[in-house]
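Content type mmCIF, C-alpha atoms, from the file model.cif:
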data_my_file
loop_
_atom_site.group_PDB
_atom_site.id
_atom_site.type_symbol
_atom_site.label_atom_id
_atom_site.label_comp_id
_atom_site.auth_asym_id
_atom_site.auth_seq_id
_atom_site.Cartn_x
_atom_site.Cartn_y
_atom_site.Cartn_z
ATOM 1 C CA MET A 1187 0.000 0.000 0.000
ATOM 2 C CA LYS A 1188 1.363 3.401 -1.022
ATOM 3 C CA GLN A 1189 0.673 7.049 -0.203
ATOM 4 C CA ASN A 1190 0.107 9.434 -3.098
ATOM 5 C CA PHE A 1191 0.166 13.208 -2.494
ATOM 6 C CA THR A 1192 -0.798 14.302 -6.011
ATOM 7 C CA PHE A 1193 -4.239 15.512 -4.974
ATOM 8 C CA SER A 1194 -2.846 17.367 -1.963
ATOM 9 C CA ARG A 1195 -1.459 20.027 -4.275
ATOM 10 C CA PHE A 1196 -4.892 21.087 -5.480
ATOM 11 C CA VAL A 1197 -6.294 21.479 -1.975
ATOM 12 C CA LEU A 1198 -3.279 23.441 -0.748
ATOM 13 C CA SER A 1199 -3.675 25.726 -3.741
ATOM 14 C CA GLU A 1200 -7.331 26.296 -2.812
ATOM 15 C CA LEU A 1201 -6.091 27.161 0.675
ATOM 16 C CA ASN A 1202 -4.031 29.965 -0.906
ATOM 17 C CA TYR A 1203 -0.549 28.432 -0.658
ATOM 18 C CA THR A 1204 1.917 29.184 -3.438
ATOM 19 C CA ASP A 1205 3.517 26.564 -5.673
ATOM 20 C CA ASN A 1206 6.794 26.884 -3.766
ATOM 21 C CA GLU A 1207 5.064 26.564 -0.398
ATOM 22 C CA ILE A 1208 3.122 23.538 -1.652
ATOM 23 C CA LYS A 1209 6.322 21.873 -2.833
ATOM 24 C CA GLN A 1210 7.968 22.386 0.550
ATOM 25 C CA ILE A 1211 4.906 21.192 2.484
ATOM 26 C CA ILE A 1212 4.582 17.975 0.504
ATOM 27 C CA GLU A 1213 8.313 17.244 0.672
ATOM 28 C CA THR A 1214 8.123 17.650 4.462
ATOM 29 C CA LEU A 1215 5.159 15.301 4.740
ATOM 30 C CA GLN A 1216 6.850 12.741 2.508
ATOM 31 C CA ARG A 1217 9.799 12.755 4.933
ATOM 32 C CA GLY A 1218 7.380 11.750 7.669
ATOM 33 C CA ASP A 1219 7.400 15.150 9.406
ATOM 34 C CA PHE A 1220 4.733 17.753 10.095
ATOM 35 C CA ALA A 1221 5.013 21.031 8.196
ATOM 36 C CA TYR A 1222 4.857 24.382 9.991
ATOM 37 C CA VAL A 1223 3.799 27.152 7.628
ATOM 38 C CA GLY A 1224 2.341 30.623 7.843
ATOM 39 C CA LYS A 1225 -1.411 30.949 8.226
ATOM 40 C CA LYS A 1226 -3.448 32.253 5.326
ATOM 41 C CA GLU A 1227 -6.458 34.531 5.615
ATOM 42 C CA TYR A 1228 -9.825 32.955 4.872
ATOM 43 C CA GLN A 1229 -12.639 35.469 4.997
ATOM 44 C CA THR A 1230 -15.163 32.697 4.428
ATOM 45 C CA ILE A 1231 -14.133 30.526 7.403
ATOM 46 C CA ARG A 1232 -16.465 30.937 10.337
ATOM 47 C CA ASP A 1233 -14.900 32.488 13.455
ATOM 48 C CA ASN A 1234 -12.097 33.933 11.371
ATOM 49 C CA ASP A 1235 -10.760 36.059 14.236
ATOM 50 C CA ILE A 1236 -10.328 32.949 16.352
ATOM 51 C CA TRP A 1237 -8.499 31.229 13.476
ATOM 52 C CA ARG A 1238 -5.992 34.097 13.382
ATOM 53 C CA GLN A 1239 -5.461 34.111 17.130
ATOM 54 C CA ASP A 1240 -5.446 30.385 17.828
ATOM 55 C CA ASN A 1241 -2.102 28.731 18.620
ATOM 56 C CA VAL A 1242 -3.014 25.070 18.130
ATOM 57 C CA SER A 1243 -4.558 25.237 14.673
ATOM 58 C CA GLY A 1244 -4.027 22.678 11.943
ATOM 59 C CA ILE A 1245 -4.551 21.753 8.316
ATOM 60 C CA ASP A 1246 -4.687 18.205 6.972
ATOM 61 C CA VAL A 1247 -4.066 17.611 3.283
ATOM 62 C CA PRO A 1248 -5.733 14.683 1.531
ATOM 63 C CA VAL A 1249 -3.810 11.495 0.801
ATOM 64 C CA LEU A 1250 -4.672 8.885 -1.817
ATOM 65 C CA TRP A 1251 -3.775 5.374 -0.678
ATOM 66 C CA THR A 1252 -3.275 2.921 -3.525
ATOM 67 C CA PRO A 1253 -2.296 -0.714 -3.989
ATOM 68 C CA ASP A 1254 1.422 -1.305 -4.465
ATOM 69 C CA THR A 1255 0.707 -1.945 -8.147
ATOM 70 C CA GLY A 1256 -0.590 1.623 -8.620
ATOM 71 C CA ILE A 1257 -3.824 3.594 -8.901
ATOM 72 C CA THR A 1258 -6.925 1.562 -9.779
ATOM 73 C CA ASN A 1259 -10.098 2.856 -11.446
ATOM 74 C CA GLU A 1260 -12.252 2.497 -8.314
ATOM 75 C CA THR A 1261 -11.897 4.854 -5.364
ATOM 76 C CA ILE A 1262 -13.470 5.094 -1.926
ATOM 77 C CA LEU A 1263 -13.474 8.641 -0.531
ATOM 78 C CA LEU A 1264 -13.116 8.252 3.236
ATOM 79 C CA LEU A 1265 -14.571 11.463 4.651
ATOM 80 C CA ALA A 1266 -14.128 12.422 8.313
ATOM 81 C CA GLN A 1267 -14.352 15.681 10.273
ATOM 82 C CA ASP A 1268 -11.224 17.756 10.913
ATOM 83 C CA PRO A 1269 -7.466 17.844 11.643
ATOM 84 C CA LEU A 1270 -7.505 17.945 15.442
ATOM 85 C CA ARG A 1271 -4.459 19.524 17.105
ATOM 86 C CA ASP A 1272 -3.167 20.089 20.639
ATOM 87 C CA THR A 1273 -0.135 21.718 22.242
ATOM 88 C CA ASP A 1274 1.977 18.562 21.858
ATOM 89 C CA TYR A 1275 2.502 19.436 18.193
ATOM 90 C CA TRP A 1276 4.634 22.399 19.287
ATOM 91 C CA ASP A 1277 7.105 20.143 21.084
ATOM 92 C CA GLU A 1278 10.561 20.313 19.515
ATOM 93 C CA THR A 1279 10.249 16.595 18.727
ATOM 94 C CA PHE A 1280 8.027 17.720 15.833
ATOM 95 C CA CYS A 1281 8.881 21.404 15.394
ATOM 96 C CA HIS A 1282 12.568 22.198 15.014
ATOM 97 C CA ASP A 1283 12.848 25.945 14.336
ATOM 98 C CA PHE A 1284 11.828 29.409 15.506
ATOM 99 C CA THR A 1285 8.143 28.811 14.847
ATOM 100 C CA CYS A 1286 8.062 26.788 18.077
ATOM 101 C CA THR A 1287 8.328 29.891 20.246
ATOM 102 C CA LYS A 1288 5.087 30.726 22.035
ATOM 103 C CA GLU A 1289 4.881 34.238 20.602
ATOM 104 C CA ASN A 1290 4.933 32.850 17.048
ATOM 105 C CA ARG A 1291 2.512 29.955 17.368
ATOM 106 C CA ASN A 1292 -0.598 31.900 16.434
ATOM 107 C CA LYS A 1293 1.080 32.904 13.152
ATOM 108 C CA TYR A 1294 1.666 29.344 12.003
ATOM 109 C CA VAL A 1295 -0.440 26.280 11.297
ATOM 110 C CA VAL A 1296 0.597 22.653 11.708
ATOM 111 C CA VAL A 1297 0.090 20.789 8.428
ATOM 112 C CA GLY A 1298 -0.304 17.026 8.448
ATOM 113 C CA THR A 1299 -2.402 14.273 6.894
ATOM 114 C CA PRO A 1300 -5.605 12.550 8.029
ATOM 115 C CA TYR A 1301 -4.881 10.413 11.099
ATOM 116 C CA ALA A 1302 -1.212 11.537 10.899
ATOM 117 C CA LEU A 1303 -0.392 8.335 9.039
ATOM 118 C CA HIS A 1304 2.480 9.982 7.140
ATOM 119 C CA TYR A 1305 4.273 10.100 10.517
ATOM 120 C CA PHE A 1306 4.326 6.292 10.737
ATOM 121 C CA PRO A 1307 5.957 5.107 7.499
ATOM 122 C CA ASP A 1308 7.051 1.873 9.171
ATOM 123 C CA GLY A 1309 3.614 1.172 10.654
ATOM 124 C CA ASN A 1310 4.933 1.517 14.204
ATOM 125 C CA PHE A 1311 2.166 3.290 16.131
ATOM 126 C CA LYS A 1312 3.795 3.420 19.551
ATOM 127 C CA ALA A 1313 3.665 6.574 21.676
ATOM 128 C CA THR A 1314 6.108 9.374 20.829
ATOM 129 C CA GLN A 1315 8.548 10.485 23.510
ATOM 130 C CA LEU A 1316 8.378 14.294 23.794
ATOM 131 C CA SER A 1317 11.229 16.558 24.847
ATOM 132 C CA ASN A 1318 9.285 17.635 27.956
ATOM 133 C CA GLY A 1319 9.351 14.079 29.262
ATOM 134 C CA LYS A 1320 5.751 13.266 28.406
ATOM 135 C CA LYS A 1321 4.561 10.789 25.810
ATOM 136 C CA LYS A 1322 2.106 11.551 23.026
ATOM 137 C CA SER A 1323 -0.252 8.660 22.441
ATOM 138 C CA TRP A 1324 -1.620 7.898 18.985
ATOM 139 C CA ARG A 1325 -4.864 6.012 18.482
ATOM 140 C CA VAL A 1326 -4.631 5.706 14.733
ATOM 141 C CA LYS A 1327 -3.932 2.050 14.023
ATOM 142 C CA ILE A 1328 -7.600 1.341 13.320
ATOM 143 C CA TYR A 1329 -7.561 3.909 10.506
ATOM 144 C CA TYR A 1330 -4.500 2.336 8.936
ATOM 145 C CA ASP A 1331 -5.993 -1.151 9.237
ATOM 146 C CA LEU A 1332 -9.302 0.033 7.769
ATOM 147 C CA ILE A 1333 -7.605 1.733 4.810
ATOM 148 C CA ARG A 1334 -5.420 -1.312 4.185
ATOM 149 C CA SER A 1335 -8.427 -3.634 4.299
ATOM 150 C CA ILE A 1336 -10.260 -1.547 1.695
ATOM 151 C CA VAL A 1337 -7.163 -1.231 -0.530
ATOM 152 C CA GLU A 1338 -6.703 -5.005 -0.394
ATOM 153 C CA ARG A 1339 -10.142 -5.271 -1.995
ATOM 154 C CA GLY A 1340 -8.869 -3.427 -5.050
ATOM 155 C CA TYR A 1341 -9.833 0.170 -4.254
ATOM 156 C CA ASN A 1342 -7.892 3.372 -3.854
ATOM 157 C CA VAL A 1343 -8.773 5.127 -0.606
ATOM 158 C CA TYR A 1344 -8.818 8.918 -0.652
ATOM 159 C CA CYS A 1345 -8.622 10.251 2.913
ATOM 160 C CA THR A 1346 -9.854 13.770 3.547
ATOM 161 C CA ASP A 1347 -11.902 15.813 6.038
ATOM 162 C CA ILE A 1348 -14.933 18.000 5.485
ATOM 163 C CA PHE A 1349 -13.041 20.710 7.407
ATOM 164 C CA LYS A 1350 -9.487 20.990 6.070
ATOM 165 C CA TYR A 1351 -8.617 23.285 8.993
ATOM 166 C CA TYR A 1352 -8.925 23.109 12.778
ATOM 167 C CA PHE A 1353 -8.828 25.772 15.466
ATOM 168 C CA HIS A 1354 -10.214 26.154 18.974
ATOM 169 C CA GLY A 1355 -13.672 27.668 19.042
ATOM 170 C CA HIS A 1356 -14.727 26.585 15.572
ATOM 171 C CA LYS A 1357 -18.484 26.001 15.634
ATOM 172 C CA TYR A 1358 -18.344 23.131 13.135
ATOM 173 C CA MET A 1359 -21.012 24.457 10.808
ATOM 174 C CA VAL A 1360 -20.312 23.285 7.264
ATOM 175 C CA CYS A 1361 -20.216 26.337 5.008
ATOM 176 C CA ASP A 1362 -19.914 26.988 1.266
ATOM 177 C CA PHE A 1363 -16.111 27.259 1.607
ATOM 178 C CA ASP A 1364 -15.921 23.663 2.858
ATOM 179 C CA LYS A 1365 -18.362 22.287 0.293
ATOM 180 C CA LYS A 1366 -16.609 24.010 -2.601
ATOM 181 C CA ILE A 1367 -13.275 22.366 -1.764
ATOM 182 C CA LEU A 1368 -14.904 18.964 -1.270
ATOM 183 C CA GLY A 1369 -16.900 19.323 -4.486
ATOM 184 C CA ASN A 1370 -13.698 20.018 -6.403
ATOM 185 C CA GLU A 1371 -12.060 16.978 -4.808
ATOM 186 C CA ILE A 1372 -14.955 14.806 -5.957
ATOM 187 C CA THR A 1373 -14.719 16.166 -9.505
ATOM 188 C CA ARG A 1374 -10.994 15.372 -9.685
ATOM 189 C CA LEU A 1375 -11.438 11.903 -8.234
ATOM 190 C CA LYS A 1376 -14.155 11.041 -10.727
ATOM 191 C CA GLY A 1377 -11.592 11.698 -13.417
ATOM 192 C CA GLN A 1378 -9.784 8.601 -12.106
ATOM 193 C CA GLY A 1379 -12.819 6.333 -12.467
ATOM 194 C CA ASN A 1380 -15.646 5.122 -10.254
ATOM 195 C CA LEU A 1381 -16.100 6.867 -6.918
ATOM 196 C CA ARG A 1382 -18.032 6.107 -3.733
ATOM 197 C CA VAL A 1383 -18.104 8.220 -0.567
ATOM 198 C CA LEU A 1384 -17.795 6.688 2.900
ATOM 199 C CA CYS A 1385 -18.865 9.194 5.583
ATOM 200 C CA MET A 1386 -17.646 8.745 9.151
ATOM 201 C CA GLY A 1387 -19.933 10.660 11.489
ATOM 202 C CA LYS A 1388 -22.568 13.369 11.201
ATOM 203 C CA ARG A 1389 -20.272 16.256 10.201
ATOM 204 C CA ALA A 1390 -19.081 14.291 7.195
ATOM 205 C CA GLN A 1391 -22.666 13.414 6.280
ATOM 206 C CA ASP A 1392 -23.666 17.093 6.567
ATOM 207 C CA GLY A 1393 -20.746 18.047 4.340
ATOM 208 C CA ILE A 1394 -21.636 15.733 1.495
ATOM 209 C CA ALA A 1395 -25.310 16.735 1.430
ATOM 210 C CA GLY A 1396 -26.268 18.563 -1.744
ATOM 211 C CA ILE A 1397 -22.909 18.242 -3.489
ATOM 212 C CA GLN A 1398 -23.337 17.577 -7.177
ATOM 213 C CA GLY A 1399 -21.637 14.814 -9.123
ATOM 214 C CA ILE A 1400 -22.121 11.891 -6.752
ATOM 215 C CA ASP A 1401 -23.700 9.084 -8.745
ATOM 216 C CA LYS A 1402 -24.719 6.937 -5.797
ATOM 217 C CA PRO A 1403 -25.715 7.717 -2.193
ATOM 218 C CA SER A 1404 -22.900 7.928 0.305
ATOM 219 C CA VAL A 1405 -22.274 5.063 2.697
ATOM 220 C CA ASN A 1406 -22.857 6.437 6.206
ATOM 221 C CA ILE A 1407 -21.311 4.874 9.281
ATOM 222 C CA PRO A 1408 -20.687 6.017 12.851
ATOM 223 C CA HIS A 1409 -17.230 7.400 13.424
ATOM 224 C CA VAL A 1410 -14.888 4.561 14.317
ATOM 225 C CA ARG A 1411 -14.195 6.332 17.629
ATOM 226 C CA ALA A 1412 -17.894 6.569 18.505
ATOM 227 C CA ARG A 1413 -19.012 4.589 21.539
ATOM 228 C CA ASN A 1414 -22.178 3.148 20.044
ATOM 229 C CA TRP A 1415 -20.499 0.257 18.212
ATOM 230 C CA ASN A 1416 -21.534 -3.169 19.480
ATOM 231 C CA PRO A 1417 -19.245 -4.962 19.830
ATOM 232 C CA ASN A 1418 -16.815 -2.078 20.195
ATOM 233 C CA THR A 1419 -13.760 -3.764 18.688
ATOM 234 C CA ASP A 1420 -11.531 -2.716 15.811
ATOM 235 C CA ALA A 1421 -11.928 -6.057 14.048
ATOM 236 C CA TYR A 1422 -15.734 -5.844 14.118
ATOM 237 C CA LYS A 1423 -15.790 -2.226 12.886
ATOM 238 C CA ILE A 1424 -13.444 -2.923 9.984
ATOM 239 C CA LYS A 1425 -15.366 -6.028 8.909
ATOM 240 C CA PHE A 1426 -18.701 -4.188 9.194
ATOM 241 C CA ILE A 1427 -17.473 -1.287 7.057
ATOM 242 C CA CYS A 1428 -15.848 -3.485 4.412
ATOM 243 C CA ASP A 1429 -18.943 -5.713 4.210
ATOM 244 C CA LYS A 1430 -21.138 -2.632 3.822
ATOM 245 C CA LEU A 1431 -18.945 -1.303 1.018
ATOM 246 C CA SER A 1432 -18.951 -4.675 -0.717
ATOM 247 C CA THR A 1433 -22.721 -4.941 -0.540
ATOM 248 C CA GLU A 1434 -23.469 -1.369 -1.632
ATOM 249 C CA ASN A 1435 -20.753 -1.223 -4.284
ATOM 250 C CA GLN A 1436 -21.747 -4.287 -6.273
ATOM 251 C CA ASP A 1437 -22.681 -2.164 -9.286
ATOM 252 C CA LEU A 1438 -20.089 0.579 -8.757
#
Is it possible to express this structure as structure tokens?
Amino acid sequence: MKQNFTFSRFVLSELNYTDNEIKQIIETLQRGDFAYVGKKEYQTIRDNDIWRQDNVSGIDVPVLWTPDTGITNETILLLAQDPLRDTDYWDETFCHDFTCTKENRNKYVVVGTPYALHYFPDGNFKATQLSNGKKKSWRVKIYYDLIRSIVERGYNVYCTDIFKYYFHGHKYMVCDFDKKILGNEITRLKGQGNLRVLCMGKRAQDGIAGIQGIDKPSVNIPHVRARNWNPNTDAYKIKFICDKLSTENQDL
């Protein structure tokens, strides 16, 4: 299974980053690091003043996961909510330059990928030892296992969020800005072949509503971190989701 960042470039461009900035961001992610870049102004993002002032904000760029043999003509768009961040991302374990200083944090945004899977190129999901002596835990293995299980069935898996950005105080109301970016992602993906959308949670379902160009209804599931799964095990969730995709994608 391989990561492909081709589609990340389009989204970063829509987020107002220059070609040179995009090149540097993607190269950083491909190294397995998080990128720390200047914030852009988005007049259409709700709570824009909070976005400018927040010091634990983030952007996640989409990643296309493909079989080792290359891109297939059938893609599952795995749509979740947002790129959650906390103060751990400012530890020098991740951030190595002047942007780590507290007075600069509100000027920069931490760029990563959905579920931070670019940070684990060897599939080792153990906790990260921080320079302050604490450990940062990662609960992302289920996402990797789910993506791998879908890819093994012959699909590409395009991982993205309805909100490409995160900041404290965001009211999580899907707006035209969010839907426009997602709609453009769907258009580009359909150029690769057949497409089906898998929505994890209500925010994702709200985001896909009304977007043109989707040939079949989205497959809606609870978020894999929701507590209402029964049984609440990773193996059950992955099998349930894959079975649902297989059943509803028979004529994809």
| field | Reference answer for the PyMOL selection byres ((chain A and resi 1302) around 10), as a PyMOL selection string | value | chain A and resi 1215+1218-1220+1246+1269+1297-1301+1303-1306+1324+1326+1329-1330
| message | I'd like to know which of A:Tyr1344, A:Phe1363, A:Phe1280, A:Tyr1351 is closest to Thr1192 in chain A, using all atoms listed in the file. | response | A:Tyr1344
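CA of Gln1391 in chain A lies 20.0 Å from CA of Ile1336 in chain A.
Going from CA of Pro1408 in chain A to CA of Glu1338 in chain A covers 22.2 Å.
Shortest separation to Ile1372 in chain A among A:Met1359, A:Leu1270, A:Leu1263, A:Ile1348 occurs at residue A:Leu1263, atoms counted being all atoms listed in the file.
For the set A:Val1337, A:Asp1283, A:Ile1231, A:Asp1347, the residue with the smallest atom-to-atom gap to Cys1361 in chain A is A:Ile1231, counting only C-alpha atoms.
Using all atoms listed in the file, the contacts of Lys1365 in chain A at a cut-off of 9 Å, with sequence neighbours closer than 2 positions omitted, comprise Ile1348, Val1360, Cys1361, Asp1362, Phe1363, Ile1367, Leu1368, Gly1369, Asn1370, Gly1393, Ile1394, Ala1395, Gly1396 and Ile1397 of chain A.
Take the candidates A:Lys1423, A:Arg1195, A:Arg1411, A:Lys1388 and check each one against Ile1211 in chain A using all atoms listed in the file; the shortest distance goes to A:Arg1195.
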